[in-house]
Amino acid sequence: MATSSTGETLNLGVVVGFDGSPHSQYALRWAARAATRRNTPLTVASAYLFPYSDYLHSVAPGPDDDVSRRIADGMLAEARQLLEDDGHQGEVDYLAIIGDATAGLVSVSLDAELLVVGRRGLGRFWGRLLGSVAAALPAYAHCPTVVVHSPEDVERKAGDVTETPDSARDTRDICVGVDSSAHARHAAVTAAHEAKRLGVGLEVVHAQPPFIGTSNVWYLQHHEDLEQHTTQNTQEFLTAEVEFLKEQVPGVEMKPTVMRGAPAEAMIESSERSQLTVLGTRGRGGFTSLLLGSVSRTTLAHARGTVMVVPMVED
């Protein structure tokens, strides 16, 4: 499905999906910085499937493939120019995917360290709103997926000149959501490594849903003790989780935070104050057969900052 411009086998490193949209341009710059921090190659992937040729393409390649390839190559040339203008010095490879963008990026994620996309793209194959590609990739990718929040995601009021911080100068913490699941712990270790690369702190967040009170006198008398006991258990859990992370990734300043509310609400709020919010594909709740849990899906859809989703670890 995917071919390189040179026909050689690539060490894909950090892969970024690019379609020329403002969102993908911001994602390209984010991915270039990430590749530099990791000392790994950057692979720019562009996908195109000629409109209305889905069925014909599935039967046999045809002239539409040539048109699709020329369009994808044009997008890659644009990306190359942007990187040159930005002075990116690292190794870069360019990958044309002829076919569905999501399927193509999932395929290349097998050989990638990190997959990066913007929240939205130009059209059908790169998504709308959150974007079909950005929404689907975290559930199926074989490596961590980063959905980059760009200035275009911020609705500005008239006269508002507030800008999203440039990640190259961003000193805000990374935030990771944890529960008692193995998926969340794996995501937390990944977040700690990323914080160390960036030289920033790590905020370890656990959401504690509020108690629903009643007018029953007995319940009210016991409510405070029950809530206090639950809060103490949560703080003990977070303290133990932070100690584990410090052993795994020393040298990172970590802060445990208990947030009152539903987990997705807590992570959406956290995404506004952190430069990167990290989640596992799913936690300990819901149906274990789901590829992407409700908290991750909701956070991705409504996040106010860049989000990384770390795939589950196979037993």
# chains A, B, ... in the order shown; residues from 1 in each chain; ligands from 1
call {"tool": "residues_around", "arguments": {"residues": "Ala72 in chain A", "least_positions_apart": "2", "cutoff": "9 Å", "atoms": "only C-alpha atoms", "output": "list in words"}}
result
Asp19, Ala45, Ser46, Ala47, Tyr48, Val67, Ser68, Arg69, Arg70, Gly74, Met75, Leu76, Ala77, Leu95, Ala96, Ile97 and Ile98 of chain A
call {"tool": "residues_around", "arguments": {"residues": "range 237-241 of chain A", "least_positions_apart": "4", "cutoff": "8 Å", "atoms": "only C-alpha atoms", "output": "PyMOL selection string"}}
result
chain A and resi 204+206+233+245+256-257
call {"tool": "closest_residue", "arguments": {"among": "A:Val242, A:Pro209, A:Gly305, A:Thr36", "to": "Gly261 in chain A", "atoms": "only C-alpha atoms"}}
result
A:Pro209
